[in-house]
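coords.cif, holding mmCIF, C-alpha atoms and all ligand atoms:
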```
data_my_file
#
loop_
_atom_site.label_atom_id
_atom_site.label_comp_id
_atom_site.auth_asym_id
_atom_site.auth_seq_id
_atom_site.Cartn_x
_atom_site.Cartn_y
_atom_site.Cartn_z
CA MET A 1 22.00 -15.47 -9.16
CA LYS A 2 25.61 -15.75 -10.35
CA ALA A 3 27.52 -12.52 -11.03
CA LEU A 4 31.15 -11.97 -12.02
CA LYS A 5 32.57 -9.46 -9.55
CA LEU A 6 35.77 -7.44 -9.80
CA VAL A 7 37.08 -8.04 -6.28
CA ALA A 8 40.68 -6.75 -6.27
CA PRO A 9 43.37 -5.68 -8.78
CA GLY A 10 43.73 -8.56 -11.25
CA LYS A 11 41.05 -10.64 -9.51
CA ILE A 12 37.54 -11.61 -10.65
CA GLU A 13 35.19 -14.00 -8.85
CA LEU A 14 31.86 -15.60 -9.72
CA ARG A 15 29.66 -14.95 -6.67
CA ASP A 16 26.09 -15.67 -5.59
CA VAL A 17 24.21 -12.40 -5.19
CA PRO A 18 20.49 -11.48 -4.95
CA VAL A 19 18.57 -10.83 -8.17
CA PRO A 20 18.31 -7.00 -8.38
CA LYS A 21 15.00 -5.35 -7.47
CA ILE A 22 13.67 -2.90 -10.04
CA SER A 23 11.96 0.45 -9.49
CA ASP A 24 9.13 1.93 -11.57
CA ASN A 25 11.28 3.07 -14.49
CA GLU A 26 13.51 0.04 -14.57
CA VAL A 27 13.55 -3.28 -16.42
CA LEU A 28 14.96 -6.60 -15.24
CA VAL A 29 16.75 -8.32 -18.13
CA ARG A 30 17.54 -12.04 -18.13
CA ILE A 31 20.99 -12.00 -19.69
CA ALA A 32 21.62 -14.24 -22.70
CA ALA A 33 25.07 -12.95 -23.63
CA ALA A 34 27.76 -10.64 -22.28
CA GLY A 35 30.66 -9.54 -24.47
CA LEU A 36 34.19 -9.26 -23.13
CA CYS A 37 36.01 -6.07 -24.17
CA HIS A 38 39.70 -5.32 -23.99
CA SER A 39 38.64 -2.45 -21.70
CA ASP A 40 37.66 -5.15 -19.18
CA LEU A 41 41.33 -6.14 -19.07
CA HIS A 42 42.30 -2.51 -18.46
CA ILE A 43 39.69 -2.37 -15.66
CA LEU A 44 40.93 -5.66 -14.21
CA HIS A 45 44.43 -4.25 -13.92
CA GLN A 46 43.58 -0.97 -12.18
CA ASP A 47 45.38 -0.49 -8.89
CA ASP A 48 44.03 -0.34 -5.33
CA SER A 49 42.78 3.21 -5.83
CA TRP A 50 40.09 2.05 -8.32
CA PRO A 51 36.79 3.12 -6.71
CA PHE A 52 34.57 0.39 -8.16
CA PHE A 53 35.69 -2.94 -6.65
CA GLY A 54 32.65 -5.11 -5.95
CA THR A 55 30.93 -4.14 -9.21
CA THR A 56 29.65 -6.82 -11.60
CA MET A 57 31.69 -6.60 -14.80
CA GLY A 58 30.44 -6.40 -18.38
CA HIS A 59 29.29 -3.52 -20.55
CA GLU A 60 28.15 -5.50 -23.62
CA THR A 61 24.86 -7.08 -22.66
CA ALA A 62 21.91 -8.62 -24.50
CA GLY A 63 19.02 -10.75 -23.31
CA PHE A 64 15.28 -10.94 -22.76
CA VAL A 65 13.03 -8.76 -20.63
CA GLU A 66 12.05 -10.64 -17.47
CA SER A 67 9.88 -7.92 -15.91
CA ALA A 68 9.28 -4.19 -16.24
CA GLY A 69 8.43 -1.54 -13.62
CA ALA A 70 4.97 0.04 -13.44
CA GLY A 71 6.16 3.22 -15.17
CA VAL A 72 7.69 1.47 -18.21
CA ASN A 73 5.82 1.68 -21.51
CA GLY A 74 6.38 -0.24 -24.74
CA ILE A 75 8.57 -2.97 -23.27
CA LYS A 76 7.17 -6.34 -22.24
CA PRO A 77 8.45 -9.63 -20.84
CA GLY A 78 10.12 -11.75 -23.51
CA ASP A 79 11.29 -8.81 -25.67
CA ALA A 80 14.85 -9.29 -26.98
CA VAL A 81 16.95 -6.28 -25.95
CA LEU A 82 20.42 -4.79 -26.00
CA VAL A 83 21.53 -2.92 -22.86
CA ARG A 84 23.38 0.20 -24.00
CA ALA A 85 26.83 0.79 -22.50
CA VAL A 86 26.56 4.58 -22.17
CA TRP A 87 23.95 5.53 -19.55
CA SER A 88 23.24 9.18 -20.24
CA CYS A 89 20.63 11.23 -18.37
CA GLY A 90 18.63 12.18 -21.46
CA THR A 91 17.91 15.74 -20.33
CA CYS A 92 21.19 17.66 -19.85
CA ARG A 93 22.61 20.07 -22.45
CA SER A 94 24.83 17.36 -24.04
CA CYS A 95 22.02 14.82 -24.15
CA ARG A 96 19.57 17.32 -25.65
CA ASN A 97 22.15 17.95 -28.39
CA GLY A 98 22.46 14.23 -29.14
CA ARG A 99 25.81 13.82 -27.39
CA GLY A 100 24.85 11.37 -24.67
CA ASN A 101 28.42 10.03 -24.55
CA ALA A 102 29.39 13.43 -23.10
CA CYS A 103 26.43 13.54 -20.69
CA SER A 104 27.14 16.23 -18.10
CA ILE A 105 25.09 14.54 -15.37
CA ASN A 106 26.45 11.01 -15.65
CA GLY A 107 30.08 11.91 -16.36
CA SER A 108 32.26 15.00 -16.09
CA ARG A 109 35.77 16.21 -15.32
CA THR A 110 35.14 15.21 -11.72
CA GLN A 111 32.91 12.15 -12.07
CA PHE A 112 33.51 8.83 -13.84
CA PRO A 113 30.79 8.14 -16.48
CA LEU A 114 27.95 5.90 -15.35
CA THR A 115 28.85 2.79 -17.31
CA PRO A 116 27.53 -0.67 -16.47
CA GLY A 117 30.41 -3.00 -15.62
CA LEU A 118 32.54 -0.08 -14.47
CA ALA A 119 30.67 2.22 -12.12
CA VAL A 120 27.44 0.18 -11.73
CA ASP A 121 26.65 -3.53 -11.97
CA GLY A 122 27.03 -4.82 -15.52
CA GLY A 123 26.09 -7.79 -17.66
CA MET A 124 28.39 -10.67 -16.66
CA ALA A 125 25.60 -12.15 -14.55
CA GLU A 126 22.26 -13.88 -14.90
CA PHE A 127 20.22 -10.66 -14.58
CA ILE A 128 20.79 -6.92 -14.86
CA LYS A 129 18.53 -4.04 -13.85
CA VAL A 130 18.52 -1.09 -16.18
CA ASP A 131 16.53 2.08 -16.75
CA ALA A 132 14.15 1.38 -19.65
CA ARG A 133 15.68 4.34 -21.54
CA HIS A 134 18.94 2.44 -21.95
CA LEU A 135 17.47 -0.47 -23.92
CA ASN A 136 17.29 -1.05 -27.67
CA GLY A 137 15.08 -3.75 -29.16
CA ILE A 138 17.11 -6.24 -31.23
CA GLY A 139 14.20 -7.95 -32.98
CA ALA A 140 15.30 -11.24 -34.51
CA LEU A 141 19.06 -10.68 -34.01
CA ASP A 142 20.80 -13.44 -32.04
CA PRO A 143 21.68 -11.96 -28.59
CA VAL A 144 25.14 -13.60 -28.77
CA ALA A 145 25.95 -11.70 -31.97
CA ALA A 146 24.15 -8.57 -30.77
CA ALA A 147 25.70 -8.17 -27.29
CA PRO A 148 29.11 -6.95 -28.58
CA LEU A 149 27.34 -4.27 -30.60
CA ALA A 150 26.85 -2.39 -27.29
CA ASP A 151 30.53 -1.40 -27.48
CA ALA A 152 32.46 -3.21 -30.23
CA GLY A 153 29.71 -1.94 -32.56
CA LEU A 154 28.84 1.37 -30.89
CA THR A 155 32.34 2.80 -30.51
CA PRO A 156 33.53 2.12 -34.09
CA MET A 157 30.19 3.46 -35.41
CA HIS A 158 30.69 6.63 -33.38
CA VAL A 159 34.30 7.07 -34.45
CA ILE A 160 33.40 6.57 -38.10
CA ASN A 161 30.55 9.07 -37.80
CA THR A 162 33.07 11.67 -36.57
CA VAL A 163 34.95 11.31 -39.89
CA ARG A 164 31.98 10.56 -42.14
CA ALA A 165 32.43 13.70 -44.26
CA ARG A 166 36.06 12.75 -44.89
CA LEU A 167 35.23 9.32 -46.36
CA ALA A 168 35.38 10.40 -50.02
CA ASP A 169 35.67 7.76 -52.74
CA ASP A 170 39.34 8.71 -53.26
CA ALA A 171 40.18 8.94 -49.53
CA THR A 172 42.31 6.42 -47.64
CA VAL A 173 41.41 5.24 -44.14
CA VAL A 174 43.82 3.16 -42.04
CA VAL A 175 42.48 0.95 -39.24
CA ILE A 176 45.08 -0.20 -36.70
CA GLY A 177 44.13 -3.20 -34.51
CA ILE A 178 41.70 -5.70 -36.08
CA GLY A 179 40.35 -7.19 -32.85
CA GLY A 180 36.87 -6.90 -31.32
CA LEU A 181 36.36 -3.25 -32.30
CA GLY A 182 38.58 -3.18 -35.37
CA HIS A 183 36.93 -6.04 -37.27
CA VAL A 184 33.57 -4.31 -36.82
CA ALA A 185 35.06 -0.97 -37.91
CA LEU A 186 36.23 -2.53 -41.20
CA GLN A 187 32.71 -3.82 -41.89
CA ILE A 188 31.12 -0.45 -41.11
CA LEU A 189 33.63 1.39 -43.31
CA ALA A 190 32.98 -1.03 -46.18
CA ALA A 191 29.22 -0.55 -45.73
CA VAL A 192 29.17 3.26 -45.58
CA SER A 193 32.03 4.29 -47.90
CA ASN A 194 33.98 3.55 -51.05
CA SER A 195 37.22 4.83 -49.52
CA GLN A 196 40.38 2.72 -49.71
CA ILE A 197 40.57 0.76 -46.42
CA ILE A 198 43.97 -0.38 -45.11
CA ALA A 199 44.06 -2.68 -42.06
CA ILE A 200 47.07 -3.22 -39.79
CA ASP A 201 47.58 -5.71 -36.99
CA ALA A 202 50.53 -7.24 -35.16
CA ASP A 203 48.97 -10.72 -35.42
CA ALA A 204 49.31 -12.51 -38.78
CA THR A 205 45.96 -14.34 -38.40
CA ARG A 206 44.15 -11.04 -37.86
CA VAL A 207 45.90 -9.60 -40.91
CA ASN A 208 44.86 -12.61 -43.01
CA HIS A 209 41.19 -12.18 -42.08
CA ALA A 210 41.05 -8.42 -42.57
CA THR A 211 40.10 -8.50 -46.25
CA SER A 212 37.11 -10.73 -45.46
CA TYR A 213 35.83 -7.89 -43.21
CA GLY A 214 36.23 -5.30 -45.96
CA ALA A 215 39.86 -4.15 -45.99
CA ASP A 216 41.32 -3.51 -49.46
CA LEU A 217 44.85 -4.06 -48.16
CA ALA A 218 46.03 -5.70 -44.92
CA LEU A 219 49.53 -5.22 -43.50
CA LEU A 220 51.47 -6.69 -40.62
CA ALA A 221 52.50 -4.02 -38.11
CA GLY A 222 56.22 -3.32 -38.26
CA GLU A 223 58.90 -1.05 -39.48
CA ASP A 224 57.86 -0.95 -43.12
CA ALA A 225 54.12 -0.30 -42.48
CA ALA A 226 54.56 3.48 -42.65
CA THR A 227 56.57 3.27 -45.88
CA ARG A 228 53.98 0.97 -47.46
CA ILE A 229 51.10 3.29 -46.60
CA LEU A 230 52.89 6.39 -47.80
CA ALA A 231 53.62 4.54 -51.08
CA GLU A 232 49.92 3.54 -51.35
CA THR A 233 48.93 7.20 -51.04
CA ASP A 234 51.58 8.63 -53.42
CA GLY A 235 53.45 10.08 -50.47
CA PHE A 236 50.47 12.18 -49.33
CA GLY A 237 49.48 10.08 -46.31
CA ALA A 238 46.20 8.64 -45.05
CA ASP A 239 43.20 10.95 -44.70
CA ILE A 240 41.99 9.09 -41.61
CA VAL A 241 43.84 6.88 -39.12
CA ILE A 242 41.83 5.02 -36.48
CA ASP A 243 43.97 3.45 -33.76
CA PHE A 244 42.19 0.68 -31.83
CA VAL A 245 45.32 -0.18 -29.85
CA GLY A 246 46.82 3.05 -28.49
CA VAL A 247 50.25 1.67 -27.59
CA GLN A 248 53.32 3.77 -28.38
CA PRO A 249 54.17 2.02 -31.69
CA THR A 250 50.63 2.46 -33.05
CA ILE A 251 50.39 6.11 -32.00
CA ASP A 252 53.80 6.75 -33.58
CA LEU A 253 52.59 5.03 -36.76
CA ALA A 254 49.44 7.18 -36.81
CA ARG A 255 51.58 10.32 -36.61
CA GLN A 256 53.91 9.10 -39.38
CA ILE A 257 51.17 8.27 -41.90
CA VAL A 258 48.46 10.89 -41.38
CA ALA A 259 48.04 13.31 -44.30
CA PRO A 260 48.03 17.10 -43.96
CA GLU A 261 44.51 18.16 -42.83
CA GLY A 262 43.87 14.50 -41.97
CA ALA A 263 42.23 13.00 -38.89
CA ILE A 264 43.53 10.72 -36.14
CA ARG A 265 41.18 8.90 -33.79
CA ILE A 266 42.81 7.16 -30.82
CA VAL A 267 40.32 4.66 -29.42
CA GLY A 268 42.68 2.15 -27.78
CA LEU A 269 43.71 2.65 -24.18
CA GLY A 270 47.15 1.09 -24.57
CA GLY A 271 48.99 3.76 -22.60
CA GLY A 272 50.89 5.37 -25.51
CA SER A 273 51.36 9.12 -25.49
CA PHE A 274 51.08 11.89 -27.98
CA PRO A 275 53.59 14.73 -27.81
CA PHE A 276 52.65 18.14 -29.15
CA ASN A 277 55.20 20.64 -30.26
CA ALA A 278 54.00 24.08 -31.32
CA SER A 279 57.05 24.99 -33.38
CA LEU A 280 58.12 25.14 -37.01
CA GLU A 281 60.97 22.71 -36.58
CA GLY A 282 60.58 19.28 -35.03
CA GLU A 283 56.84 19.23 -35.64
CA VAL A 284 55.04 16.05 -34.59
CA LEU A 285 52.09 16.40 -36.98
CA PRO A 286 51.52 17.78 -40.47
CA TRP A 287 49.51 21.02 -40.66
CA GLY A 288 45.81 20.90 -39.96
CA VAL A 289 45.53 17.44 -38.44
CA ASN A 290 42.50 16.83 -36.23
CA VAL A 291 43.04 14.45 -33.29
CA GLN A 292 40.29 13.01 -31.09
CA ARG A 293 40.09 10.60 -28.18
CA PRO A 294 36.53 9.33 -28.60
CA TYR A 295 34.42 7.73 -25.90
CA GLY A 296 31.66 5.19 -26.62
CA GLY A 297 28.87 6.57 -28.75
CA THR A 298 25.44 8.13 -28.88
CA GLU A 299 21.95 6.66 -29.15
CA VAL A 300 22.02 7.43 -32.88
CA ASP A 301 25.33 5.56 -33.29
CA GLN A 302 23.81 2.56 -31.47
CA THR A 303 20.72 2.55 -33.65
CA GLU A 304 22.78 2.85 -36.83
CA VAL A 305 25.08 -0.08 -36.06
CA LEU A 306 22.12 -2.26 -35.02
CA GLN A 307 20.53 -1.39 -38.36
CA LEU A 308 23.71 -2.42 -40.22
CA ALA A 309 23.63 -5.73 -38.34
CA ASP A 310 19.96 -6.18 -39.16
CA ASP A 311 20.78 -5.51 -42.83
CA GLY A 312 23.46 -8.21 -42.72
CA LYS A 313 26.27 -5.69 -43.31
CA VAL A 314 27.89 -6.09 -39.89
CA ALA A 315 28.37 -9.46 -38.21
CA VAL A 316 30.48 -9.89 -35.08
CA GLN A 317 32.81 -12.88 -35.07
CA THR A 318 32.28 -14.46 -31.64
CA ASP A 319 34.02 -17.02 -29.40
CA THR A 320 31.54 -18.22 -26.74
CA TYR A 321 32.31 -19.33 -23.16
CA PRO A 322 30.04 -20.32 -20.27
CA LEU A 323 29.93 -17.51 -17.67
CA ALA A 324 31.50 -20.00 -15.25
CA ASP A 325 34.59 -20.05 -17.53
CA ALA A 326 35.03 -16.28 -17.49
CA GLN A 327 38.61 -16.52 -16.26
CA ARG A 328 39.54 -18.61 -19.31
CA ALA A 329 37.93 -16.03 -21.59
CA PHE A 330 39.86 -13.19 -19.91
CA ASP A 331 43.08 -15.20 -20.28
CA ASP A 332 42.42 -16.02 -23.94
CA LEU A 333 41.76 -12.33 -24.65
CA ALA A 334 44.93 -11.30 -22.83
CA ASN A 335 46.97 -13.91 -24.71
CA GLY A 336 45.62 -13.01 -28.16
CA LYS A 337 43.94 -16.41 -28.63
CA LEU A 338 40.51 -15.20 -29.76
CA LYS A 339 39.19 -15.27 -33.32
CA GLY A 340 36.82 -12.41 -32.61
CA ARG A 341 34.88 -11.18 -29.58
CA ALA A 342 34.61 -13.41 -26.50
CA VAL A 343 30.99 -13.68 -25.33
CA LEU A 344 30.02 -15.14 -21.94
CA ILE A 345 26.80 -17.16 -21.74
CA PRO A 346 25.17 -17.51 -18.28
CA GLY A 347 23.32 -20.62 -17.16
P1 LIG B 401 41.18 -6.62 -28.85
O1 LIG B 401 42.15 -7.19 -27.92
O2 LIG B 401 40.00 -7.44 -29.27
O3 LIG B 401 41.92 -6.15 -30.19
C1 LIG B 401 43.16 -5.50 -30.18
C2 LIG B 401 43.84 -5.81 -31.51
O4 LIG B 401 45.04 -5.04 -31.59
C3 LIG B 401 44.26 -7.28 -31.65
O5 LIG B 401 43.86 -7.77 -32.92
C4 LIG B 401 45.79 -7.23 -31.54
O6 LIG B 401 46.43 -8.25 -32.28
C5 LIG B 401 46.08 -5.85 -32.09
N1 LIG B 401 47.36 -5.29 -31.66
C6 LIG B 401 47.94 -5.37 -30.43
N2 LIG B 401 49.13 -4.71 -30.43
C7 LIG B 401 49.29 -4.19 -31.68
C8 LIG B 401 50.30 -3.41 -32.30
N3 LIG B 401 51.38 -3.01 -31.63
N4 LIG B 401 50.12 -3.05 -33.60
C9 LIG B 401 49.03 -3.46 -34.29
N5 LIG B 401 48.04 -4.20 -33.75
C10 LIG B 401 48.17 -4.56 -32.46
O7 LIG B 401 40.68 -5.23 -28.21
P2 LIG B 401 39.29 -4.45 -28.38
O8 LIG B 401 38.29 -5.02 -27.43
O9 LIG B 401 38.97 -4.34 -29.82
O10 LIG B 401 39.67 -3.01 -27.79
C11 LIG B 401 40.62 -2.21 -28.45
C12 LIG B 401 41.02 -1.03 -27.58
O11 LIG B 401 39.97 -0.06 -27.54
C13 LIG B 401 41.31 -1.39 -26.12
O12 LIG B 401 42.40 -0.61 -25.65
C14 LIG B 401 40.02 -0.97 -25.42
O13 LIG B 401 40.21 -0.69 -24.06
C15 LIG B 401 39.69 0.28 -26.20
N6 LIG B 401 38.29 0.72 -26.14
C16 LIG B 401 38.07 2.05 -26.10
C17 LIG B 401 36.77 2.52 -26.12
C18 LIG B 401 36.51 4.00 -26.11
O14 LIG B 401 35.37 4.40 -25.96
N7 LIG B 401 37.51 4.83 -26.28
C19 LIG B 401 35.68 1.64 -26.18
C20 LIG B 401 35.96 0.27 -26.24
C21 LIG B 401 37.27 -0.19 -26.23
ZN ZN B 402 22.89 13.92 -19.97
#
```
What do you get writing this file as structure tokens?
Ligand code: NAD
Ligand code: ZN
Amino acid sequence: MKALKLVAPGKIELRDVPVPKISDNEVLVRIAAAGLCHSDLHILHQDDSWPFFGTTMGHETAGFVESAGAGVNGIKPGDAVLVRAVWSCGTCRSCRNGRGNACSINGSRTQFPLTPGLAVDGGMAEFIKVDARHLNGIGALDPVAAAPLADAGLTPMHVINTVRARLADDATVVVIGIGGLGHVALQILAAVSNSQIIAIDADATRVNHATSYGADLALLAGEDAATRILAETDGFGADIVIDFVGVQPTIDLARQIVAPEGAIRIVGLGGGSFPFNASLEGEVLPWGVNVQRPYGGTEVDQTEVLQLADDGKVAVQTDTYPLADAQRAFDDLANGKLKGRAVLIPG
């Protein structure tokens, strides 16, 4: 079968590899669609010390069950499935408490999380083998629209669930970066809250589309964005700021606009940094602000965002490419040419 391998820093290659063999608890999925995440660009540009060269890329995968191991129940050939991106063990303390994205077996301070497309072979291929526990049925959803929900749906759903209690009708939430994750986040926020939603992007086209995804106000990133948001909130600031970019200007903006007792969620891996100064003068944050650096999401988050898609409340905007044109898709993502999420189609 064809599989897109990460072979060296900055270098991907479509190679012929054997179809994986499954064990008793595993399922072989014939891939129908594999989403391309901005994280794949970050992975592509790791240096020589990256331990996972040779891995098949792709952590947003949907397709149809080809075969299932003898120990697998309730899944049969032909079923339409989503392959989850967070492969938790299911039995450790974190998993038992519903925090599979902090699984202590498959990821820790000393071990990279077991994520398909990073640490194990992912979905940019014709087939993937996966433990049956890491599959969700997608029913009648189109696999092309469903595949990005494994991350571009999961991660925003998780982030929003961490601030769910803050989403009062009179609260303001700012979403920075209206790309693959951000345009889904706007739809989720519009579906689960009546809060005022402000979207910000550096790209005018993204800004223009933001209201169609549920933003009440959309602003171009720039010097006056902070002033505009403070004016919108009577000088108080935004209750919640979700940064899907994570470069220095967006992190600085988040700090400038967050309200006292507000929440900042930095999802983007753009390399910006966050100073902390525990003094009365020269403070970097208002009192009481809660900052998190979320990772992926839980099984509940995955189920919830799939349900929103099934209800027609979340729809991923996709740009499709044949798997053989993966390089073009990576380039278009890097050059900001996509309308939504790039999805690779094998075959
Ligand atoms: P994307 O490229 O689809 O979207 C990024 C958006 O940010 C684009 O619309 C772009 O125009 C906008 N942008 C770029 N620079 C900006 C700036 N200075 N100000 C405002 N907007 C700006 O990316 P994506 O796939 O949605 O991923 C977003 C980020 O989230 C990436 O860094 C990715 O690695 C990260 N990510 C993190 C997790 C996690 O678990 N923490 C999961 C998935 C993705
Ligand atoms: Zn676990």
With distances taken over all atoms listed in the file, the candidate from A:Asp319, A:Asp151, A:Ile22, A:Ser108 nearest ligand ZN 402 (chain B) is A:Ser108
Could you pull out every residue with an atom within 9 Å of (41.2, -18.2, -35.0), file coordinates, counting only C-alpha atoms, and send them as an mmCIF file with C-alpha atoms, in the frame of the given file?
```cif
data_model
loop_
_atom_site.group_PDB
_atom_site.id
_atom_site.type_symbol
_atom_site.label_atom_id
_atom_site.label_comp_id
_atom_site.auth_asym_id
_atom_site.auth_seq_id
_atom_site.Cartn_x
_atom_site.Cartn_y
_atom_site.Cartn_z
ATOM 1 C CA THR A 205 45.960 -14.340 -38.400
ATOM 2 C CA ARG A 206 44.150 -11.040 -37.860
ATOM 3 C CA LYS A 337 43.940 -16.410 -28.630
ATOM 4 C CA LEU A 338 40.510 -15.200 -29.760
ATOM 5 C CA LYS A 339 39.190 -15.270 -33.320
ATOM 6 C CA GLY A 340 36.820 -12.410 -32.610
#
```
Can you pull out every residue with an atom within 8 Å of ligand LIG 401 (chain B)? Use only C-alpha atoms and all ligand atoms and format it as a tab-separated table (two decimals) with C-alpha atoms, in the frame of the given file.
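part37.tsv was written with the following content:
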```
chain	number	residue	atom	x	y	z
A	36	LEU	CA	34.19	-9.26	-23.13
A	37	CYS	CA	36.01	-6.07	-24.17
A	38	HIS	CA	39.70	-5.32	-23.99
A	39	SER	CA	38.64	-2.45	-21.70
A	40	ASP	CA	37.66	-5.15	-19.18
A	41	LEU	CA	41.33	-6.14	-19.07
A	42	HIS	CA	42.30	-2.51	-18.46
A	151	ASP	CA	30.53	-1.40	-27.48
A	152	ALA	CA	32.46	-3.21	-30.23
A	155	THR	CA	32.34	2.80	-30.51
A	176	ILE	CA	45.08	-0.20	-36.70
A	177	GLY	CA	44.13	-3.20	-34.51
A	178	ILE	CA	41.70	-5.70	-36.08
A	179	GLY	CA	40.35	-7.19	-32.85
A	180	GLY	CA	36.87	-6.90	-31.32
A	181	LEU	CA	36.36	-3.25	-32.30
A	182	GLY	CA	38.58	-3.18	-35.37
A	183	HIS	CA	36.93	-6.04	-37.27
A	200	ILE	CA	47.07	-3.22	-39.79
A	201	ASP	CA	47.58	-5.71	-36.99
A	202	ALA	CA	50.53	-7.24	-35.16
A	203	ASP	CA	48.97	-10.72	-35.42
A	206	ARG	CA	44.15	-11.04	-37.86
A	220	LEU	CA	51.47	-6.69	-40.62
A	221	ALA	CA	52.50	-4.02	-38.11
A	222	GLY	CA	56.22	-3.32	-38.26
A	244	PHE	CA	42.19	0.68	-31.83
A	245	VAL	CA	45.32	-0.18	-29.85
A	246	GLY	CA	46.82	3.05	-28.49
A	247	VAL	CA	50.25	1.67	-27.59
A	248	GLN	CA	53.32	3.77	-28.38
A	249	PRO	CA	54.17	2.02	-31.69
A	250	THR	CA	50.63	2.46	-33.05
A	266	ILE	CA	42.81	7.16	-30.82
A	267	VAL	CA	40.32	4.66	-29.42
A	268	GLY	CA	42.68	2.15	-27.78
A	269	LEU	CA	43.71	2.65	-24.18
A	270	GLY	CA	47.15	1.09	-24.57
A	293	ARG	CA	40.09	10.60	-28.18
A	294	PRO	CA	36.53	9.33	-28.60
A	295	TYR	CA	34.42	7.73	-25.90
A	296	GLY	CA	31.66	5.19	-26.62
A	297	GLY	CA	28.87	6.57	-28.75
A	333	LEU	CA	41.76	-12.33	-24.65
A	334	ALA	CA	44.93	-11.30	-22.83
A	336	GLY	CA	45.62	-13.01	-28.16
A	338	LEU	CA	40.51	-15.20	-29.76
A	340	GLY	CA	36.82	-12.41	-32.61
A	341	ARG	CA	34.88	-11.18	-29.58
```
Using only C-alpha atoms and all ligand atoms, which residues have at least one atom no more than 12 Å from ligand ZN 402 (chain B)? Output them as a VMD selection string. chain A and resid 86 to 108 113 to 114 298 to 299
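For the residues A:Ala225, A:Leu344, A:Val192, A:Leu118, ranking by smallest atom-to-atom distance to Leu253 in chain A using all atoms listed in the file places A:Ala225 first.
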note - CA of Ala146 in chain A and CA of Ala32 in chain A are separated by 10.2 Å
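Across the model, the gap from CA of Gly137 in chain A to CA of Phe64 in chain A is 9.6 Å.
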Closest of A:Ala342, A:Ala199, A:Ala34, A:Leu285 to Ala150 in chain A, counting all atoms listed in the file, is A:Ala34
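One finds CA of Ala263 in chain A at 18.9 Å from CA of Arg228 in chain A.
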In terms of only C-alpha atoms, the residue from A:Ala231, A:Leu4, A:Ile197, A:Ile138 at minimal distance from Asp216 in chain A is A:Ile197
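Between Asp47 in chain A and the residues A:Leu141, A:Val284, A:Ile242, A:Val7, the shortest atom-to-atom distance, using all atoms listed in the file, involves A:Val7.
For Ala33 in chain A, the list of residues within 7 Å, based on all atoms listed in the file and with local chain neighbours fewer than 5 positions off taken out, reads Thr61, Ala62, Gly63, Pro143, Val144, Ala147, Val343, Leu344 and Ile345 of chain A.
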Between A:Ile264, A:Ala315, A:Leu14, A:Ile31, smallest distance to Glu60 in chain A by only C-alpha atoms belongs to A:Ile31
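Contact shell of Lys21 in chain A at 10 Å (only C-alpha atoms; same-chain neighbours under 6 positions omitted): Val27, Leu28, Gly69, Ile128 and Lys129 of chain A.
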- request: Find the residues near Val289 in chain A: any atom within 10 Å, counting all atoms listed in the file, skip ones fewer than 2 places away on the same chain, and give them as a ChimeraX atom specification.
  value: /A:239-240,255,258-264,285-287,291
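Within a radius of 10 Å around (26.5, -13.3, -1.4), the polymer residues are Met1, Lys2, Ala3, Arg15, Asp16, Val17 and Pro18 of chain A, counting all atoms listed in the file.
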Quick one: everything within 7 Å of Ser193 in chain A, counting all atoms listed in the file, minus sequence neighbours fewer than 3 positions away in the same chain. Send it as an MDAnalysis selection string.
-> chainID A and resid 167 169 189:190
Atoms kept (N, CA, C and O atoms) for range 205-211 of chain A, as a PDB file, in the first residue's frame:
```
ATOM      1  N   THR A 205      -9.425  37.082   4.325  1.00  0.00           N
ATOM      2  CA  THR A 205     -10.459  36.137   3.882  1.00  0.00           C
ATOM      3  C   THR A 205     -11.019  35.373   5.068  1.00  0.00           C
ATOM      4  O   THR A 205     -12.236  35.165   5.190  1.00  0.00           O
ATOM      5  N   ARG A 206     -10.115  34.943   5.955  1.00  0.00           N
ATOM      6  CA  ARG A 206     -10.571  34.217   7.158  1.00  0.00           C
ATOM      7  C   ARG A 206     -11.475  35.104   8.014  1.00  0.00           C
ATOM      8  O   ARG A 206     -12.473  34.649   8.564  1.00  0.00           O
ATOM      9  N   VAL A 207     -11.084  36.381   8.117  1.00  0.00           N
ATOM     10  CA  VAL A 207     -11.889  37.323   8.905  1.00  0.00           C
ATOM     11  C   VAL A 207     -13.279  37.458   8.274  1.00  0.00           C
ATOM     12  O   VAL A 207     -14.296  37.412   8.970  1.00  0.00           O
ATOM     13  N   ASN A 208     -13.318  37.552   6.945  1.00  0.00           N
ATOM     14  CA  ASN A 208     -14.606  37.732   6.265  1.00  0.00           C
ATOM     15  C   ASN A 208     -15.539  36.544   6.453  1.00  0.00           C
ATOM     16  O   ASN A 208     -16.748  36.700   6.458  1.00  0.00           O
ATOM     17  N   HIS A 209     -14.975  35.334   6.605  1.00  0.00           N
ATOM     18  CA  HIS A 209     -15.830  34.153   6.744  1.00  0.00           C
ATOM     19  C   HIS A 209     -16.237  33.871   8.187  1.00  0.00           C
ATOM     20  O   HIS A 209     -17.105  33.043   8.429  1.00  0.00           O
ATOM     21  N   ALA A 210     -15.595  34.561   9.129  1.00  0.00           N
ATOM     22  CA  ALA A 210     -15.781  34.179  10.536  1.00  0.00           C
ATOM     23  C   ALA A 210     -17.226  34.298  11.011  1.00  0.00           C
ATOM     24  O   ALA A 210     -17.702  33.470  11.789  1.00  0.00           O
ATOM     25  N   THR A 211     -17.953  35.314  10.518  1.00  0.00           N
ATOM     26  CA  THR A 211     -19.336  35.449  11.008  1.00  0.00           C
ATOM     27  C   THR A 211     -20.207  34.297  10.497  1.00  0.00           C
ATOM     28  O   THR A 211     -21.138  33.882  11.175  1.00  0.00           O
TER      29      THR A 211
END
```
